[in-house]
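**Student:** Structure below; questions to follow.
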Amino acid sequence: MTPPSQARQPSLALTWRHRAALVGFFLSGFAALIYEVCWIREASLAFGSTTQALSTVLAVFFLGIAVGSALFARWGQNARPMIWFAALELLLGALALATPVLFDLTEQIFGVAYRTLGDQSQALVAVRVALVSLILFLPTVCMGGTLPLMCRQFVVQPHRVGYTTGFLYGLNTLGAAAGTLAAGFVLIPGIGVHGSIF
């Protein structure tokens with residue numbers, strides 16, 4: 001019989017596939033925040049105001065993550081989570097590769113809107129939010145779907161829900177912190193915004 005002290009100790013029974021998935025989840029957070037930093041830079045170039053570009057990208061970023069989390073928390077119950085996780089990451093990569101071209105296109109659209117609307121600041125804000133949403137909403141929905149799928153894969157014992165979910169969230173967030181530092185201090189200065197996204 002297992003001693004009570006050992007029974008209370010949370011642990012993850014990890015195969016090599018589980019370990020590979022966890023490395024992938026760390027890298028998912030790493031890539032996501034590289035994208036976010038680059039998208040903020042792209043938006044500031046397209047729309048002019050760094051503060052407004054930052055606010056718009058962050059709002060759309062977290063909206064997409066919230067929607068993706070809600071959707072895949074429901075769909076993930078009946079899915080093979082690692083297959084869905086891989087599919088989301090591949091789709092996210094494809095969508096992210098398209099963002100530099102899309103930001104260039106929206107810069108032209110926003111220029112037309114700016115010349116048309118003039119000093120109607122509220123209308124310009126609405127145009128900016130709409131354009132950023134068109135570019136970033138689907139990629140960020142993909143990002144939001146990854147945590148529920150990972151939880152579906154790894155949370156197998158009800159009494160360890162908190163530990164396992166916290167571990168996964170912390171691992172992904174650690175990757176995100178590393179990605180932010182890498183983007184700001186290494187990648188963008190070294191290979192530029194588009195190079196960092198690629």
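Residue numbering restarts at 1 for every chain of the structure tokens, chains are lettered A, B, ... in their displayed order, and ligands are numbered from 1 as they appear.
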Contacts between region 149-164 of chain A and region 52-135 of chain A, please, where a residue of region 52-135 of chain A counts if it comes within 9 Å (with only C-alpha atoms); show its shortest atom pair and distance in Å to one decimal, rows by chain and ascending number, as a tab-separated table.

**Tutor:**
residue	atom	partner	partner_atom	distance
A:Ser69	CA	A:Leu149	CA	8.9
A:Phe72	CA	A:Leu149	CA	6.8
A:Ala73	CA	A:Leu149	CA	7.2
A:Trp75	CA	A:Leu149	CA	8.9
A:Gly76	CA	A:Leu149	CA	5.7
A:Gln77	CA	A:Arg152	CA	6.9
A:Ala79	CA	A:Leu149	CA	8.6
A:Arg80	CA	A:Gln153	CA	8.2
A:Pro81	CA	A:Leu149	CA	5.0
A:Met82	CA	A:Leu149	CA	7.1
A:Trp84	CA	A:Leu149	CA	7.4
A:Phe85	CA	A:Leu149	CA	6.4

**Student:** Next, dump the selected residues to file, keeping only N, CA, C and O atoms, as a PDB file, in the first residue's frame.

**Tutor:**
ATOM      1  N   SER A  69      -9.824  29.176 -26.375  1.00  0.00           N
ATOM      2  CA  SER A  69      -9.904  28.375 -25.158  1.00  0.00           C
ATOM      3  C   SER A  69     -11.315  27.847 -24.940  1.00  0.00           C
ATOM      4  O   SER A  69     -11.514  26.672 -24.603  1.00  0.00           O
ATOM      5  N   PHE A  72     -12.197  25.097 -27.776  1.00  0.00           N
ATOM      6  CA  PHE A  72     -11.506  23.814 -27.684  1.00  0.00           C
ATOM      7  C   PHE A  72     -11.651  23.159 -26.319  1.00  0.00           C
ATOM      8  O   PHE A  72     -11.402  21.961 -26.182  1.00  0.00           O
ATOM      9  N   ALA A  73     -12.077  23.915 -25.316  1.00  0.00           N
ATOM     10  CA  ALA A  73     -12.454  23.271 -24.064  1.00  0.00           C
ATOM     11  C   ALA A  73     -13.667  22.370 -24.291  1.00  0.00           C
ATOM     12  O   ALA A  73     -13.796  21.304 -23.691  1.00  0.00           O
ATOM     13  N   TRP A  75     -14.726  21.246 -27.631  1.00  0.00           N
ATOM     14  CA  TRP A  75     -14.420  20.265 -28.685  1.00  0.00           C
ATOM     15  C   TRP A  75     -13.386  19.240 -28.235  1.00  0.00           C
ATOM     16  O   TRP A  75     -13.412  18.103 -28.662  1.00  0.00           O
ATOM     17  N   GLY A  76     -12.487  19.653 -27.363  1.00  0.00           N
ATOM     18  CA  GLY A  76     -11.419  18.757 -26.939  1.00  0.00           C
ATOM     19  C   GLY A  76     -11.883  17.571 -26.130  1.00  0.00           C
ATOM     20  O   GLY A  76     -11.153  16.596 -25.964  1.00  0.00           O
ATOM     21  N   GLN A  77     -13.109  17.629 -25.630  1.00  0.00           N
ATOM     22  CA  GLN A  77     -13.616  16.514 -24.836  1.00  0.00           C
ATOM     23  C   GLN A  77     -13.766  15.248 -25.669  1.00  0.00           C
ATOM     24  O   GLN A  77     -13.659  14.143 -25.153  1.00  0.00           O
ATOM     25  N   ALA A  79     -12.128  14.752 -28.754  1.00  0.00           N
ATOM     26  CA  ALA A  79     -11.116  14.748 -29.806  1.00  0.00           C
ATOM     27  C   ALA A  79      -9.869  14.008 -29.338  1.00  0.00           C
ATOM     28  O   ALA A  79      -9.697  13.734 -28.151  1.00  0.00           O
ATOM     29  N   ARG A  80      -9.009  13.685 -30.301  1.00  0.00           N
ATOM     30  CA  ARG A  80      -7.678  13.185 -29.963  1.00  0.00           C
ATOM     31  C   ARG A  80      -6.798  14.422 -29.784  1.00  0.00           C
ATOM     32  O   ARG A  80      -6.402  15.057 -30.771  1.00  0.00           O
ATOM     33  N   PRO A  81      -6.524  14.798 -28.534  1.00  0.00           N
ATOM     34  CA  PRO A  81      -5.983  16.144 -28.274  1.00  0.00           C
ATOM     35  C   PRO A  81      -4.646  16.433 -28.942  1.00  0.00           C
ATOM     36  O   PRO A  81      -4.414  17.548 -29.395  1.00  0.00           O
ATOM     37  N   MET A  82      -3.745  15.452 -29.012  1.00  0.00           N
ATOM     38  CA  MET A  82      -2.437  15.746 -29.588  1.00  0.00           C
ATOM     39  C   MET A  82      -2.499  15.935 -31.102  1.00  0.00           C
ATOM     40  O   MET A  82      -1.732  16.706 -31.677  1.00  0.00           O
ATOM     41  N   TRP A  84      -5.142  17.260 -32.643  1.00  0.00           N
ATOM     42  CA  TRP A  84      -5.696  18.607 -32.764  1.00  0.00           C
ATOM     43  C   TRP A  84      -4.637  19.662 -32.424  1.00  0.00           C
ATOM     44  O   TRP A  84      -4.558  20.711 -33.069  1.00  0.00           O
ATOM     45  N   PHE A  85      -3.833  19.387 -31.411  1.00  0.00           N
ATOM     46  CA  PHE A  85      -2.774  20.324 -31.034  1.00  0.00           C
ATOM     47  C   PHE A  85      -1.814  20.534 -32.198  1.00  0.00           C
ATOM     48  O   PHE A  85      -1.473  21.672 -32.553  1.00  0.00           O
TER      49      PHE A  85
END

**Student:** Choose the residue, out of A:Leu171, A:Cys142, A:Ala182, A:Leu90, that has the smallest atom-to-atom separation from Ala70 (chain A); count only C-alpha atoms.

**Tutor:** A:Cys142

**Student:** Quick check, in Å to one decimal: how far apart do CA of Phe103 (chain A) and CA of His194 (chain A) lie?

**Tutor:** 10.9 Å

**Student:** Pull the alpha helix (DSSP H) assignments for chain A out of DSSP run on the backbone, and list those residues as an NGL selection string.

**Tutor:** :A and (4-7 or 16-47 or 50-75 or 81-117 or 121-154 or 161-182 or 188-197)

**Student:** For Thr140 (chain A), find every residue with an atom within 9 Å (counting only C-alpha atoms), except residues of its own chain fewer than 5 positions away, and show them as a list in words.

**Tutor:**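 My reading of the contact set: Ala32, Val60, Phe61, Phe62, Leu63, Gly64, Ile65, Ala66, Val67, Gly68, Leu92 and Gly145 of chain A.
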
**Student:** Write a file of the selected residues as a JSON list (two decimals), in the first residue's frame, keeping N, CA, C and O atoms.

**Tutor:**
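Wrote it out as selection26.json, contents follow:
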[["chain", "number", "residue", "atom", "x", "y", "z"],
["A", 32, "ALA", "N", 4.54, 32.00, -29.86],
["A", 32, "ALA", "CA", 3.37, 32.88, -29.77],
["A", 32, "ALA", "C", 3.77, 34.30, -29.38],
["A", 32, "ALA", "O", 3.25, 35.28, -29.94],
["A", 60, "VAL", "N", -7.04, 42.24, -29.43],
["A", 60, "VAL", "CA", -7.38, 41.16, -30.36],
["A", 60, "VAL", "C", -6.70, 39.86, -29.95],
["A", 60, "VAL", "O", -7.29, 38.77, -30.02],
["A", 61, "PHE", "N", -5.45, 39.96, -29.50],
["A", 61, "PHE", "CA", -4.69, 38.79, -29.06],
["A", 61, "PHE", "C", -5.42, 38.04, -27.95],
["A", 61, "PHE", "O", -5.65, 36.84, -28.03],
["A", 62, "PHE", "N", -5.83, 38.78, -26.93],
["A", 62, "PHE", "CA", -6.49, 38.12, -25.79],
["A", 62, "PHE", "C", -7.92, 37.70, -26.12],
["A", 62, "PHE", "O", -8.41, 36.69, -25.58],
["A", 63, "LEU", "N", -8.59, 38.45, -26.99],
["A", 63, "LEU", "CA", -9.92, 38.02, -27.43],
["A", 63, "LEU", "C", -9.82, 36.68, -28.16],
["A", 63, "LEU", "O", -10.60, 35.75, -27.89],
["A", 64, "GLY", "N", -8.88, 36.57, -29.09],
["A", 64, "GLY", "CA", -8.71, 35.32, -29.82],
["A", 64, "GLY", "C", -8.36, 34.16, -28.90],
["A", 64, "GLY", "O", -8.89, 33.05, -29.05],
["A", 65, "ILE", "N", -7.48, 34.39, -27.94],
["A", 65, "ILE", "CA", -7.10, 33.34, -27.00],
["A", 65, "ILE", "C", -8.31, 32.90, -26.18],
["A", 65, "ILE", "O", -8.53, 31.71, -25.94],
["A", 66, "ALA", "N", -9.13, 33.87, -25.74],
["A", 66, "ALA", "CA", -10.32, 33.52, -24.97],
["A", 66, "ALA", "C", -11.30, 32.69, -25.79],
["A", 66, "ALA", "O", -11.84, 31.68, -25.31],
["A", 67, "VAL", "N", -11.53, 33.10, -27.03],
["A", 67, "VAL", "CA", -12.46, 32.36, -27.90],
["A", 67, "VAL", "C", -11.91, 30.96, -28.18],
["A", 67, "VAL", "O", -12.63, 29.96, -28.12],
["A", 68, "GLY", "N", -10.61, 30.86, -28.49],
["A", 68, "GLY", "CA", -10.01, 29.56, -28.76],
["A", 68, "GLY", "C", -10.07, 28.64, -27.56],
["A", 68, "GLY", "O", -10.37, 27.44, -27.69],
["A", 92, "LEU", "N", -1.59, 27.62, -37.32],
["A", 92, "LEU", "CA", -1.07, 28.87, -36.77],
["A", 92, "LEU", "C", 0.19, 29.31, -37.52],
["A", 92, "LEU", "O", 0.34, 30.48, -37.88],
["A", 145, "GLY", "N", -6.58, 27.61, -28.33],
["A", 145, "GLY", "CA", -7.04, 26.23, -28.27],
["A", 145, "GLY", "C", -6.03, 25.25, -27.72],
["A", 145, "GLY", "O", -6.38, 24.12, -27.37]]

**Student:** Counting only C-alpha atoms, figure out which residue out of A:Val125, A:Ala86, A:Val57, A:Leu117 gets nearest to Ala20 (chain A).

**Tutor:**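 Between A:Val125, A:Ala86, A:Val57, A:Leu117, the residue approaching Ala20 (chain A) most closely is A:Ala86.
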
**Student:** Rounded to one decimal, what separation in Å do you get between CA of Leu136 (chain A) and CA of Glu107 (chain A)?

**Tutor:**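 Taking CA of Leu136 (chain A) as the start and CA of Glu107 (chain A) as the end point, the length is 14.6 Å.
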
**Student:** In Å, rounded to a single decimal, give me how far CA of Gly175 (chain A) is from CA of Ala46 (chain A).

**Tutor:**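 Result for CA of Ala46 (chain A) versus CA of Gly175 (chain A): 27.8 Å, one decimal.
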
**Student:** Quick one: of A:Asn172, A:Thr106, A:Thr15, A:Ser28, who's nearest to Ser44 (chain A), counting only C-alpha atoms?

**Tutor:**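 So, comparing all the options, the nearest one is A:Thr106.
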
**Student:** Could you tell me which of A:Leu14, A:Gly195, A:Phe47, A:Ala176 comes closest to Met143 (chain A) if we count only C-alpha atoms?

**Tutor:**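 Residue with the minimum atom-to-atom distance to Met143 (chain A): A:Ala176.
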
**Student:** Would you mind telling me which residue in A:Val193, A:Thr146, A:Trp16, A:Val186 lies nearest to Leu91 (chain A) when using only C-alpha atoms?

**Tutor:**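 Of A:Val193, A:Thr146, A:Trp16, A:Val186, the one nearest Leu91 (chain A) is A:Thr146, counting only C-alpha atoms.
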